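my_file-v9.cif, holding mmCIF, C-alpha atoms:
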```
data_coords
#
loop_
_atom_site.group_PDB
_atom_site.id
_atom_site.type_symbol
_atom_site.label_atom_id
_atom_site.label_comp_id
_atom_site.auth_asym_id
_atom_site.auth_seq_id
_atom_site.Cartn_x
_atom_site.Cartn_y
_atom_site.Cartn_z
ATOM 1 C CA MET A 1 0.000 0.000 0.000
ATOM 2 C CA ASN A 2 1.456 3.327 -1.054
ATOM 3 C CA ILE A 3 1.494 6.205 1.426
ATOM 4 C CA ARG A 4 0.095 9.194 -0.424
ATOM 5 C CA LYS A 5 -0.475 11.850 2.227
ATOM 6 C CA ALA A 6 1.667 13.746 4.704
ATOM 7 C CA VAL A 7 0.786 16.122 7.524
ATOM 8 C CA ILE A 8 3.055 19.034 8.418
ATOM 9 C CA PRO A 9 1.913 20.873 11.573
ATOM 10 C CA VAL A 10 2.851 24.560 11.341
ATOM 11 C CA ALA A 11 0.442 26.157 13.804
ATOM 12 C CA GLY A 12 2.951 26.980 16.560
ATOM 13 C CA LYS A 13 3.659 30.542 17.645
ATOM 14 C CA GLY A 14 7.445 30.389 17.241
ATOM 15 C CA THR A 15 8.090 32.302 20.468
ATOM 16 C CA ARG A 16 11.789 31.364 20.515
ATOM 17 C CA PHE A 17 12.307 33.556 17.463
ATOM 18 C CA LEU A 18 10.480 36.673 18.626
ATOM 19 C CA PRO A 19 10.323 39.436 17.550
ATOM 20 C CA ALA A 20 10.879 38.078 14.001
ATOM 21 C CA THR A 21 7.911 35.721 14.338
ATOM 22 C CA LYS A 22 5.538 38.480 15.409
ATOM 23 C CA GLN A 23 4.567 38.773 11.729
ATOM 24 C CA THR A 24 6.572 36.049 9.963
ATOM 25 C CA PRO A 25 5.843 32.361 10.647
ATOM 26 C CA LYS A 26 8.828 30.585 12.134
ATOM 27 C CA GLU A 27 8.614 28.006 9.362
ATOM 28 C CA MET A 28 9.236 30.755 6.792
ATOM 29 C CA LEU A 29 12.525 31.881 8.338
ATOM 30 C CA PRO A 30 15.203 31.054 5.757
ATOM 31 C CA ILE A 31 18.230 28.832 6.072
ATOM 32 C CA ILE A 32 20.394 30.912 3.695
ATOM 33 C CA ASN A 33 17.737 31.624 1.030
ATOM 34 C CA ILE A 34 15.344 28.696 1.523
ATOM 35 C CA PRO A 35 12.590 28.721 4.184
ATOM 36 C CA MET A 36 12.694 25.949 6.784
ATOM 37 C CA VAL A 37 9.368 24.531 5.655
ATOM 38 C CA HIS A 38 10.643 24.172 2.079
ATOM 39 C CA TYR A 39 12.977 21.393 3.243
ATOM 40 C CA SER A 40 10.086 19.506 4.861
ATOM 41 C CA VAL A 41 8.021 19.754 1.690
ATOM 42 C CA MET A 42 10.951 18.585 -0.433
ATOM 43 C CA GLU A 43 11.353 15.561 1.856
ATOM 44 C CA ALA A 44 7.698 14.712 1.273
ATOM 45 C CA VAL A 45 8.032 15.165 -2.492
ATOM 46 C CA ASP A 46 11.233 13.097 -2.679
ATOM 47 C CA SER A 47 9.508 10.354 -0.671
ATOM 48 C CA GLY A 48 6.694 10.076 -3.227
ATOM 49 C CA ILE A 49 3.999 11.884 -1.219
ATOM 50 C CA GLU A 50 1.200 13.156 -3.460
ATOM 51 C CA GLN A 51 -0.861 15.318 -1.108
ATOM 52 C CA LEU A 52 0.335 17.533 1.723
ATOM 53 C CA ILE A 53 -1.818 18.820 4.572
ATOM 54 C CA PHE A 54 -0.564 21.877 6.427
ATOM 55 C CA VAL A 55 -2.156 22.296 9.848
ATOM 56 C CA THR A 56 -2.040 26.067 10.281
ATOM 57 C CA SER A 57 -3.265 28.815 12.591
ATOM 58 C CA SER A 58 -3.973 32.514 12.342
ATOM 59 C CA GLY A 59 -1.143 34.473 10.739
ATOM 60 C CA LYS A 60 0.295 31.550 8.759
ATOM 61 C CA GLY A 61 -1.062 32.515 5.342
ATOM 62 C CA SER A 62 2.393 33.233 3.949
ATOM 63 C CA ILE A 63 3.237 29.517 4.114
ATOM 64 C CA GLU A 64 0.408 28.614 1.761
ATOM 65 C CA ASN A 65 1.206 31.643 -0.420
ATOM 66 C CA TYR A 66 4.830 30.547 -0.727
ATOM 67 C CA PHE A 67 3.777 27.307 -2.409
ATOM 68 C CA ASP A 68 1.236 29.048 -4.643
ATOM 69 C CA ARG A 69 1.964 30.833 -7.918
ATOM 70 C CA ASN A 70 2.934 34.496 -7.952
ATOM 71 C CA LEU A 71 2.103 35.600 -11.490
ATOM 72 C CA GLU A 72 3.233 39.188 -10.931
ATOM 73 C CA LEU A 73 6.695 38.067 -9.823
ATOM 74 C CA GLU A 74 6.879 35.472 -12.613
ATOM 75 C CA ASN A 75 6.107 38.153 -15.227
ATOM 76 C CA PHE A 76 8.687 40.498 -13.716
ATOM 77 C CA LEU A 77 11.407 37.861 -13.797
ATOM 78 C CA GLU A 78 10.541 36.812 -17.350
ATOM 79 C CA GLN A 79 10.554 40.387 -18.635
ATOM 80 C CA ASN A 80 13.933 41.021 -17.041
ATOM 81 C CA GLY A 81 15.538 37.852 -18.381
ATOM 82 C CA LYS A 82 15.935 36.231 -14.969
ATOM 83 C CA ILE A 83 15.144 32.762 -16.283
ATOM 84 C CA LYS A 84 16.991 30.831 -13.570
ATOM 85 C CA GLU A 85 15.075 32.647 -10.833
ATOM 86 C CA LEU A 86 11.823 32.210 -12.768
ATOM 87 C CA GLU A 87 12.294 28.450 -13.018
ATOM 88 C CA LEU A 88 13.138 28.305 -9.318
ATOM 89 C CA ILE A 89 9.892 29.867 -8.094
ATOM 90 C CA GLN A 90 7.810 27.973 -10.653
ATOM 91 C CA ASN A 91 9.304 24.716 -9.356
ATOM 92 C CA VAL A 92 8.276 25.665 -5.831
ATOM 93 C CA SER A 93 4.664 26.309 -6.842
ATOM 94 C CA SER A 94 4.353 23.022 -8.751
ATOM 95 C CA MET A 95 5.899 20.691 -6.174
ATOM 96 C CA ILE A 96 2.836 18.987 -4.754
ATOM 97 C CA GLU A 97 -0.887 19.326 -4.058
ATOM 98 C CA ILE A 98 -1.305 21.286 -0.838
ATOM 99 C CA ILE A 99 -4.335 21.504 1.447
ATOM 100 C CA THR A 100 -4.529 23.603 4.612
ATOM 101 C CA VAL A 101 -6.645 23.029 7.698
ATOM 102 C CA ARG A 102 -6.906 25.369 10.672
ATOM 103 C CA GLN A 103 -6.031 24.429 14.237
ATOM 104 C CA LYS A 104 -8.176 26.946 16.087
ATOM 105 C CA GLU A 105 -6.621 26.262 19.495
ATOM 106 C CA GLN A 106 -3.029 25.347 20.327
ATOM 107 C CA LEU A 107 -3.751 22.087 22.151
ATOM 108 C CA GLY A 108 -0.693 20.046 21.316
ATOM 109 C CA LEU A 109 0.795 17.968 18.501
ATOM 110 C CA GLY A 110 -1.796 15.230 18.904
ATOM 111 C CA HIS A 111 -4.595 17.759 18.511
ATOM 112 C CA ALA A 112 -2.903 19.296 15.459
ATOM 113 C CA ILE A 113 -2.647 15.938 13.691
ATOM 114 C CA ASN A 114 -6.248 15.113 14.579
ATOM 115 C CA CYS A 115 -7.324 18.267 12.722
ATOM 116 C CA ALA A 116 -6.264 16.504 9.499
ATOM 117 C CA ALA A 117 -8.439 13.430 10.167
ATOM 118 C CA PRO A 118 -11.249 14.376 7.729
ATOM 119 C CA ILE A 119 -8.717 14.548 4.895
ATOM 120 C CA ILE A 120 -6.649 11.503 5.844
ATOM 121 C CA GLY A 121 -9.585 9.171 6.525
ATOM 122 C CA ASN A 122 -8.402 5.614 7.257
ATOM 123 C CA GLU A 123 -5.199 5.876 5.223
ATOM 124 C CA THR A 124 -1.715 5.354 6.588
ATOM 125 C CA PHE A 125 0.076 8.704 6.392
ATOM 126 C CA SER A 126 3.295 10.512 7.182
ATOM 127 C CA VAL A 127 3.949 13.260 9.718
ATOM 128 C CA ILE A 128 6.888 15.617 9.167
ATOM 129 C CA LEU A 129 7.630 18.276 11.764
ATOM 130 C CA GLY A 130 8.518 21.495 9.974
ATOM 131 C CA ASP A 131 11.308 22.673 12.273
ATOM 132 C CA ASP A 132 13.294 19.428 12.117
ATOM 133 C CA ILE A 133 15.384 19.160 8.958
ATOM 134 C CA VAL A 134 17.019 15.839 8.057
ATOM 135 C CA ARG A 135 19.670 15.647 5.354
ATOM 136 C CA GLY A 136 20.884 12.247 4.180
ATOM 137 C CA ASN A 137 21.379 9.976 1.189
ATOM 138 C CA SER A 138 17.684 9.031 1.315
ATOM 139 C CA PRO A 139 14.785 11.078 2.724
ATOM 140 C CA ALA A 140 14.004 10.081 6.317
ATOM 141 C CA THR A 141 10.306 9.742 5.489
ATOM 142 C CA LYS A 142 11.067 7.407 2.600
ATOM 143 C CA GLN A 143 13.163 5.214 4.890
ATOM 144 C CA LEU A 144 10.258 4.897 7.338
ATOM 145 C CA MET A 145 7.850 4.181 4.489
ATOM 146 C CA GLU A 146 10.007 1.224 3.448
ATOM 147 C CA VAL A 147 9.968 -0.167 6.990
ATOM 148 C CA SER A 148 6.180 0.212 7.111
ATOM 149 C CA LYS A 149 5.830 -1.510 3.745
ATOM 150 C CA ASN A 150 8.000 -4.413 4.915
ATOM 151 C CA ASN A 151 5.863 -4.798 8.054
ATOM 152 C CA ASN A 152 2.342 -4.981 6.620
ATOM 153 C CA GLY A 153 1.771 -1.224 6.567
ATOM 154 C CA LYS A 154 2.124 -0.772 10.326
ATOM 155 C CA SER A 155 3.026 2.492 12.060
ATOM 156 C CA VAL A 156 6.717 3.407 12.248
ATOM 157 C CA ILE A 157 8.331 6.009 14.504
ATOM 158 C CA GLY A 158 11.557 7.587 13.296
ATOM 159 C CA VAL A 159 14.255 7.606 15.985
ATOM 160 C CA MET A 160 17.882 8.649 16.360
ATOM 161 C CA GLU A 161 20.523 7.995 18.972
ATOM 162 C CA VAL A 162 21.218 10.884 21.355
ATOM 163 C CA PRO A 163 23.641 11.268 24.275
ATOM 164 C CA ASN A 164 22.187 9.790 27.461
ATOM 165 C CA SER A 165 22.432 13.218 29.082
ATOM 166 C CA GLU A 166 19.932 14.642 26.542
ATOM 167 C CA THR A 167 17.055 12.187 26.894
ATOM 168 C CA TYR A 168 15.062 14.782 28.849
ATOM 169 C CA ARG A 169 14.646 16.784 25.641
ATOM 170 C CA TYR A 170 12.850 14.086 23.623
ATOM 171 C CA GLY A 171 10.319 11.315 23.538
ATOM 172 C CA ILE A 172 12.348 8.139 24.159
ATOM 173 C CA VAL A 173 11.396 4.770 22.649
ATOM 174 C CA ASP A 174 11.806 1.350 24.250
ATOM 175 C CA GLY A 175 11.449 -1.941 22.392
ATOM 176 C CA GLU A 176 13.169 -5.011 20.970
ATOM 177 C CA PHE A 177 15.222 -5.090 17.780
ATOM 178 C CA ILE A 178 13.799 -7.330 15.071
ATOM 179 C CA ASP A 179 16.663 -7.152 12.558
ATOM 180 C CA ASP A 180 20.328 -8.167 12.548
ATOM 181 C CA LYS A 181 21.501 -4.615 11.834
ATOM 182 C CA LYS A 182 19.686 -3.375 14.953
ATOM 183 C CA LEU A 183 17.954 -0.550 13.167
ATOM 184 C CA THR A 184 14.287 -1.525 13.559
ATOM 185 C CA LEU A 185 12.484 -2.238 16.821
ATOM 186 C CA LEU A 186 9.073 -3.515 17.762
ATOM 187 C CA MET A 187 8.071 -0.707 20.089
ATOM 188 C CA LYS A 188 6.954 -1.380 23.651
ATOM 189 C CA THR A 189 6.474 2.160 24.861
ATOM 190 C CA MET A 190 7.453 5.782 24.361
ATOM 191 C CA ILE A 191 8.314 7.960 27.351
ATOM 192 C CA GLU A 192 8.020 11.721 27.043
ATOM 193 C CA LYS A 193 11.223 13.542 28.056
ATOM 194 C CA PRO A 194 12.531 11.176 30.751
ATOM 195 C CA LYS A 195 15.428 12.099 33.002
ATOM 196 C CA PRO A 196 18.636 10.273 31.974
ATOM 197 C CA ALA A 197 18.339 7.957 34.962
ATOM 198 C CA ASP A 198 14.800 6.981 33.949
ATOM 199 C CA ALA A 199 15.356 6.603 30.185
ATOM 200 C CA PRO A 200 15.127 2.964 28.997
ATOM 201 C CA THR A 201 17.202 3.714 25.870
ATOM 202 C CA ASN A 202 18.813 6.673 24.111
ATOM 203 C CA LEU A 203 16.563 6.378 21.044
ATOM 204 C CA ALA A 204 14.839 9.725 20.585
ATOM 205 C CA THR A 205 11.957 10.818 18.361
ATOM 206 C CA PRO A 206 12.876 13.960 16.390
ATOM 207 C CA GLY A 207 9.680 14.396 14.400
ATOM 208 C CA ARG A 208 9.217 11.763 11.689
ATOM 209 C CA TYR A 209 6.291 9.344 11.810
ATOM 210 C CA ILE A 210 4.359 6.909 9.662
ATOM 211 C CA LEU A 211 0.964 6.445 11.315
ATOM 212 C CA SER A 212 -1.916 4.153 10.448
ATOM 213 C CA GLY A 213 -5.417 5.612 10.289
ATOM 214 C CA ASN A 214 -6.125 3.873 13.604
ATOM 215 C CA ILE A 215 -4.188 6.636 15.352
ATOM 216 C CA PHE A 216 -7.243 8.879 15.089
ATOM 217 C CA GLU A 217 -9.275 6.549 17.318
ATOM 218 C CA CYS A 218 -6.558 6.870 19.925
ATOM 219 C CA LEU A 219 -6.329 10.650 19.525
ATOM 220 C CA ASN A 220 -10.064 10.866 20.172
ATOM 221 C CA GLU A 221 -9.803 8.726 23.304
ATOM 222 C CA ILE A 222 -6.759 10.113 25.097
ATOM 223 C CA PRO A 223 -7.268 12.733 27.829
ATOM 224 C CA ARG A 224 -5.259 15.914 27.949
ATOM 225 C CA GLY A 225 -1.731 15.174 29.080
ATOM 226 C CA VAL A 226 1.362 17.208 29.904
ATOM 227 C CA GLY A 227 0.696 20.952 29.736
ATOM 228 C CA GLY A 228 -3.033 20.368 29.340
ATOM 229 C CA GLU A 229 -2.441 19.328 25.724
ATOM 230 C CA TYR A 230 -3.304 16.254 23.664
ATOM 231 C CA GLN A 231 0.046 14.506 23.387
ATOM 232 C CA LEU A 232 0.860 12.404 20.325
ATOM 233 C CA THR A 233 3.066 10.267 22.577
ATOM 234 C CA ASP A 234 0.001 9.199 24.593
ATOM 235 C CA ALA A 235 -1.886 8.244 21.434
ATOM 236 C CA ILE A 236 1.061 6.257 20.049
ATOM 237 C CA ASN A 237 1.392 4.358 23.329
ATOM 238 C CA MET A 238 -2.314 3.540 23.193
ATOM 239 C CA LEU A 239 -1.934 2.392 19.579
ATOM 240 C CA ALA A 240 1.043 0.207 20.537
ATOM 241 C CA GLY A 241 -1.198 -1.551 23.046
ATOM 242 C CA ARG A 242 -3.640 -2.453 20.279
ATOM 243 C CA ASP A 243 -1.451 -3.006 17.240
ATOM 244 C CA GLU A 244 2.160 -3.398 16.195
ATOM 245 C CA VAL A 245 4.129 -0.144 16.180
ATOM 246 C CA TYR A 246 7.732 -0.094 15.024
ATOM 247 C CA ALA A 247 10.603 2.317 15.555
ATOM 248 C CA HIS A 248 13.439 2.740 13.068
ATOM 249 C CA ILE A 249 16.824 4.422 13.371
ATOM 250 C CA PHE A 250 16.927 6.489 10.187
ATOM 251 C CA GLU A 251 20.046 7.566 8.329
ATOM 252 C CA GLY A 252 20.817 11.272 7.998
ATOM 253 C CA ASP A 253 21.910 14.379 9.857
ATOM 254 C CA ARG A 254 19.148 16.065 11.832
ATOM 255 C CA PHE A 255 18.994 19.808 12.452
ATOM 256 C CA ASP A 256 16.640 21.164 15.103
ATOM 257 C CA THR A 257 15.891 24.553 13.574
ATOM 258 C CA GLY A 258 13.161 25.242 16.116
ATOM 259 C CA ASN A 259 15.661 26.962 18.408
ATOM 260 C CA ILE A 260 18.360 29.586 17.903
ATOM 261 C CA GLU A 261 21.302 27.222 18.380
ATOM 262 C CA GLY A 262 19.997 24.696 15.879
ATOM 263 C CA PHE A 263 19.039 27.414 13.428
ATOM 264 C CA LEU A 264 22.547 28.895 13.478
ATOM 265 C CA ASN A 265 24.104 25.441 13.209
ATOM 266 C CA ALA A 266 21.990 24.611 10.153
ATOM 267 C CA THR A 267 22.804 27.951 8.517
ATOM 268 C CA VAL A 268 26.550 27.415 8.830
ATOM 269 C CA GLU A 269 26.414 23.719 7.929
ATOM 270 C CA PHE A 270 24.244 24.220 4.842
ATOM 271 C CA ALA A 271 26.476 27.060 3.638
ATOM 272 C CA LEU A 272 29.551 24.849 3.994
ATOM 273 C CA ARG A 273 27.885 21.947 2.146
ATOM 274 C CA ASP A 274 26.924 24.112 -0.836
ATOM 275 C CA GLU A 275 29.802 24.717 -3.245
ATOM 276 C CA SER A 276 28.338 28.095 -4.216
ATOM 277 C CA THR A 277 28.589 29.399 -0.622
ATOM 278 C CA LYS A 278 31.267 27.199 0.952
ATOM 279 C CA GLU A 279 34.261 29.456 0.298
ATOM 280 C CA LEU A 280 32.292 32.558 1.252
ATOM 281 C CA MET A 281 31.271 31.077 4.608
ATOM 282 C CA ILE A 282 34.814 29.884 5.349
ATOM 283 C CA ASN A 283 36.195 33.351 4.673
ATOM 284 C CA ILE A 284 33.529 34.985 6.844
ATOM 285 C CA ILE A 285 34.304 32.632 9.732
ATOM 286 C CA LYS A 286 38.047 33.241 9.408
ATOM 287 C CA GLU A 287 37.599 37.005 9.357
ATOM 288 C CA LYS A 288 35.300 36.978 12.374
ATOM 289 C CA MET A 289 37.722 34.782 14.310
ATOM 290 C CA LYS A 290 40.490 37.308 13.633
ATOM 291 C CA THR A 291 38.259 40.221 14.574
ATOM 292 C CA TYR A 292 37.280 38.701 17.915
ATOM 293 C CA GLY A 293 40.668 37.136 18.666
ATOM 294 C CA ILE A 294 39.408 33.567 18.623
#
```

Would you put the structure from the file into structure tokens?
Amino acid sequence: MNIRKAVIPVAGKGTRFLPATKQTPKEMLPIINIPMVHYSVMEAVDSGIEQLIFVTSSGKGSIENYFDRNLELENFLEQNGKIKELELIQNVSSMIEIITVRQKEQLGLGHAINCAAPIIGNETFSVILGDDIVRGNSPATKQLMEVSKNNNGKSVIGVMEVPNSETYRYGIVDGEFIDDKKLTLLMKTMIEKPKPADAPTNLATPGRYILSGNIFECLNEIPRGVGGEYQLTDAINMLAGRDEVYAHIFEGDRFDTGNIEGFLNATVEFALRDESTKELMINIIKEKMKTYGI
């Protein structure tokens, strides 16, 4: 069964990036010249997703506009011979079919995903968190889709290894490996942000999921959890008690662009990986190190 739909929740307020996010959605802040959310959409496209559901909130219209056509700008670029730039923005607007739904209250990730239920129906679907960028040889979502396909279309949680001292920052998965390479586990439970001493493993969930349509039953049954919000972790644990749920250690470098440190790290790293900006970034870093005596 092919997975055709993906949900990208983008309804958060982006308070860590104030005052920039007072008017500009956090997901539209650029890493060099490409908005964060563009990378999430490209991951969906490169994984074979056909339909994308943005879960938005008030003030997020620029995200939808970014992936729509801008005929005025296209005409300007064409008239001024800027063909490369014209092709670039036309490619953005033709990437994928996009639907938006509104999350009227900020009641957690579980609530945000549940807002997409009328569009998803009973299908197995992907969830890609917009402020977590993964760069690797194969899209993280595609890797999870393969694991799901090889396990009768069951739900798969993307995980990565983190230092034991950082388990308190993530949902941590516990389970038993089912393959010789020790990359895929049959999940027993997921614990939300445990202290290092309480963490059963160091396998953290950075925001990539393949979820069966049965998750919506669980989302409708769970009570409000931590922070008075509907936690996706609670729904996944309930699902794991009813059906097989797997976790898979995906390949790729993950950048948490939802905070200032991760955003700066991604900006520098992406500039160094791109041949068109690599030398420029190196020179800037060298000059700044001289200036500040580092």

*Record the distance separating CA of Pro35 in chain A and CA of Ile282 in chain A, expressed in Å with one decimal.*
22.3 Å

*Report as a ChimeraX atom specification the full result of the PyMOL selection byres ((chain A and resi 113) around 9) when it is applied to this structure.*
/A:7-9,55,108-112,114-117,127,216,219,232

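Distances here use all atoms listed in the file; by that measure, the residue among A:Ala197, A:Ile119, A:Met190, A:Ile249 closest to Val159 in chain A is A:Ile249.
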
*What is the distance between CA of Met238 in chain A and CA of Ile128 in chain A, in Å to one decimal?*
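Going from CA of Met238 in chain A over to CA of Ile128 in chain A covers 20.7 Å.
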
*To one decimal place, how far is CA of Glu87 in chain A from CA of Asp68 in chain A in Å?*
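Distance reported for this atom pair: 13.9 Å.
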
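With distances restricted to only C-alpha atoms, A:Leu107 is the closest residue to Gly227 in chain A from A:Leu107, A:Val162, A:Ala44, A:Leu71.
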